[in-house]
Amino acid sequence: MGRGSVVVMTPRRSFPLAALLAVAVATLPVACGSSADDASSTASTSSASTAASPSSTASSTPGDLTDTSVRPVVSVPDALPTELVITEIVPGEGRAAQTGDAVVVDYVGARSVNGEEFDDSWERGEPFMAVLGTRSVIAGWEQGLIGAQEGARLQLDIPSALAYGDQSPGGVIEPGDALSFVVDIRAVVPASKPDDAPEVDVPVSVGADDLTVRDLIDADGRAIEEGDQVLAQLMVYRGDTAELLDSTWDGAGPVRLIVADGELVEGMYRALLGARQGARLLVTMPFDQAFGVEGNADLGLPPATDVVLVIDVLAVF
């Protein structure tokens, strides 16, 4: 069974501020090449508190599909879908996803014909982020995730024309396969434009003794704990001149961060731990909690230079 993500393939871009991550984290992907990306279909939507039992070819039993903290099993549809069918297993709440929004999901994918699984974000331990309307995922996802709300669990039964058509991305998926997914919506983040970047009075910092963190927005969302994942917008400034070095607001979109010891540079990790969803943080990092005496040439940061960050915490999951 193939275990790489077949919904997407390659990273969209690598930006200099990825250097803030001590361990690489996936950035936004681009679409798998498929004529199905341009296909259209009328979606059929239904609601269910539970789903039908999967076929004997599925790898495990479904258990309680209404518990979104537990890995689901995809139910085989009674008939192969000829149009997109969206089944709401668990309702969500809050903003309904729109074109341009970033949607963070966990999912399990299977062939509709027999329930044979081919992809599973739960096993990888990495929720997946797609920006709707950018052709970063198959057409069945682009259409099926419009209107989704945080906390929802959906089953998407996708006809071949809205998946990979007569082209196989590899693994167990065969040409002409319809695909079924159970998708858990972890976060829905509104689209942003470069003009939405905050205007912040950035302090100059030379030879700071320790990390300082200021909350610029009073937030009461979920507090970030060790091991949580975060969607964030970042602005990175050179401490000695307050010059903006890089920003995700320039069109790159929010980045997904793992808030764990060793996953981020020390100052960023310490600043995020305990911060709340919805916060905007102004973080001044001494150089020894950022890039050390070496600095970072990719960012244009000289040796032994402090770093100032503006971090918008958009979602915690």
# chains A, B, ... in the order shown; residues from 1 in each chain; ligands from 1
call {"tool": "residues_around", "arguments": {"residues": "Ser205 of chain A", "least_positions_apart": "4", "cutoff": "10 Å", "atoms": "only C-alpha atoms", "output": "list in words"}}
result
Asp209, Arg238, Gly239, Asp240, Thr241, Ala242, Thr284, Met285, Pro286, Phe287, Thr305, Asp306, Val307 and Val308 of chain A
call {"tool": "select_by_dssp", "arguments": {"residues": "segment 208-302 of chain A", "states": "helix (DSSP H, G or I)", "output": "PyMOL selection string"}}
result
chain A and resi 248-250+266-272+287-289+292-294
call {"tool": "residues_around", "arguments": {"residues": "segment 92-95 of chain A", "least_positions_apart": "6", "cutoff": "10 Å", "atoms": "only C-alpha atoms", "output": "NGL selection string"}}
result
:A and (147-154 or 184-190)
call {"tool": "residues_around", "arguments": {"residues": "Asp220 of chain A", "least_positions_apart": "4", "cutoff": "8 Å", "atoms": "only C-alpha atoms", "output": "list of chain:residue names"}}
result
A:Arg276, A:Gln277, A:Gly278
call {"tool": "write_last_selection", "arguments": {"atoms": "N, CA, C and O atoms", "output": "mmCIF file, in the first residue's frame"}}
result
data_model
loop_
_atom_site.group_PDB
_atom_site.id
_atom_site.type_symbol
_atom_site.label_atom_id
_atom_site.label_comp_id
_atom_site.auth_asym_id
_atom_site.auth_seq_id
_atom_site.Cartn_x
_atom_site.Cartn_y
_atom_site.Cartn_z
ATOM 1 N N ARG A 276 -1.863 31.847 22.584
ATOM 2 C CA ARG A 276 -3.229 31.417 22.285
ATOM 3 C C ARG A 276 -3.604 31.658 20.824
ATOM 4 O O ARG A 276 -3.089 32.577 20.185
ATOM 5 N N GLN A 277 -4.493 30.796 20.333
ATOM 6 C CA GLN A 277 -5.018 30.994 18.982
ATOM 7 C C GLN A 277 -5.649 32.383 18.897
ATOM 8 O O GLN A 277 -6.393 32.804 19.771
ATOM 9 N N GLY A 278 -5.328 33.102 17.828
ATOM 10 C CA GLY A 278 -5.810 34.460 17.650
ATOM 11 C C GLY A 278 -4.825 35.522 18.086
ATOM 12 O O GLY A 278 -5.046 36.715 17.855
#
call {"tool": "closest_residue", "arguments": {"among": "A:Val293, A:Met129, A:Leu299, A:Leu234", "to": "Met268 of chain A", "atoms": "only C-alpha atoms"}}
result
A:Leu234
call {"tool": "residues_around", "arguments": {"residues": "Val74 of chain A", "least_positions_apart": "5", "cutoff": "7 Å", "atoms": "only C-alpha atoms", "output": "list in words"}}
result
Pro54, Val108, Ala110, Gly115, Ser180, Phe181 and Val182 of chain A
call {"tool": "select_by_dssp", "arguments": {"residues": "segment 145-207 of chain A", "states": "strand (DSSP E or B)", "output": "list in words"}}
result
Glu150, Arg153, Leu154, Gln155, Leu156, Asp157, Ile158, Leu179, Ser180, Phe181, Val182, Val183, Asp184, Ile185, Arg186, Ala187, Val188 and Val189 of chain A
call {"tool": "closest_residue", "arguments": {"among": "A:Glu174, A:Glu88, A:Asp288, A:Asp64", "to": "Val113 of chain A", "atoms": "only C-alpha atoms"}}
result
A:Glu174
call {"tool": "closest_residue", "arguments": {"among": "A:Gly221, A:Thr134, A:Leu20, A:Gly274", "to": "Gly295 of chain A", "atoms": "only C-alpha atoms"}}
result
A:Leu20
call {"tool": "closest_residue", "arguments": {"among": "A:Ala163, A:Gly267, A:Glu294, A:Leu245", "to": "Ala208 of chain A", "atoms": "only C-alpha atoms"}}
result
A:Gly267
call {"tool": "residues_around", "arguments": {"residues": "Ile258 of chain A", "least_positions_apart": "6", "cutoff": "7 Å", "atoms": "only C-alpha atoms", "output": "list in words"}}
result
Gly227, Asp228, Gln229 and Val230 of chain A
call {"tool": "write_last_selection", "arguments": {"atoms": "all heavy atoms", "output": "compact mmCIF listing (two decimals), in the first residue's frame"}}
result
# COMPACT_ATOMS: atom_id res chain seq x y z
N GLY A 227 4.07 19.97 21.28
CA GLY A 227 3.65 19.02 20.26
C GLY A 227 2.50 19.48 19.40
O GLY A 227 2.19 18.83 18.39
N ASP A 228 1.84 20.59 19.76
CA ASP A 228 0.75 21.10 18.93
C ASP A 228 1.28 21.59 17.59
O ASP A 228 2.47 21.94 17.45
CB ASP A 228 0.04 22.27 19.62
CG ASP A 228 -0.97 21.82 20.66
OD1 ASP A 228 -1.33 20.63 20.65
OD2 ASP A 228 -1.40 22.67 21.47
N GLN A 229 0.40 21.63 16.61
CA GLN A 229 0.71 22.23 15.33
C GLN A 229 -0.05 23.54 15.20
O GLN A 229 -1.16 23.69 15.74
CB GLN A 229 0.38 21.28 14.18
CG GLN A 229 1.20 20.00 14.28
CD GLN A 229 1.12 19.16 13.03
OE1 GLN A 229 1.21 19.65 11.92
NE2 GLN A 229 0.97 17.85 13.21
N VAL A 230 0.55 24.48 14.49
CA VAL A 230 0.03 25.84 14.41
C VAL A 230 0.07 26.30 12.97
O VAL A 230 1.04 26.01 12.24
CB VAL A 230 0.90 26.77 15.30
CG1 VAL A 230 0.55 28.23 15.07
CG2 VAL A 230 0.74 26.41 16.77
call {"tool": "residues_around", "arguments": {"residues": "Trp249 of chain A", "least_positions_apart": "2", "cutoff": "8 Å", "atoms": "only C-alpha atoms", "output": "count of residues only"}}
result
13
call {"tool": "atom_distance", "arguments": {"atom1": "atom CA of Ile224 of chain A", "atom2": "atom CA of Leu65 of chain A"}}
result
26.6 Å
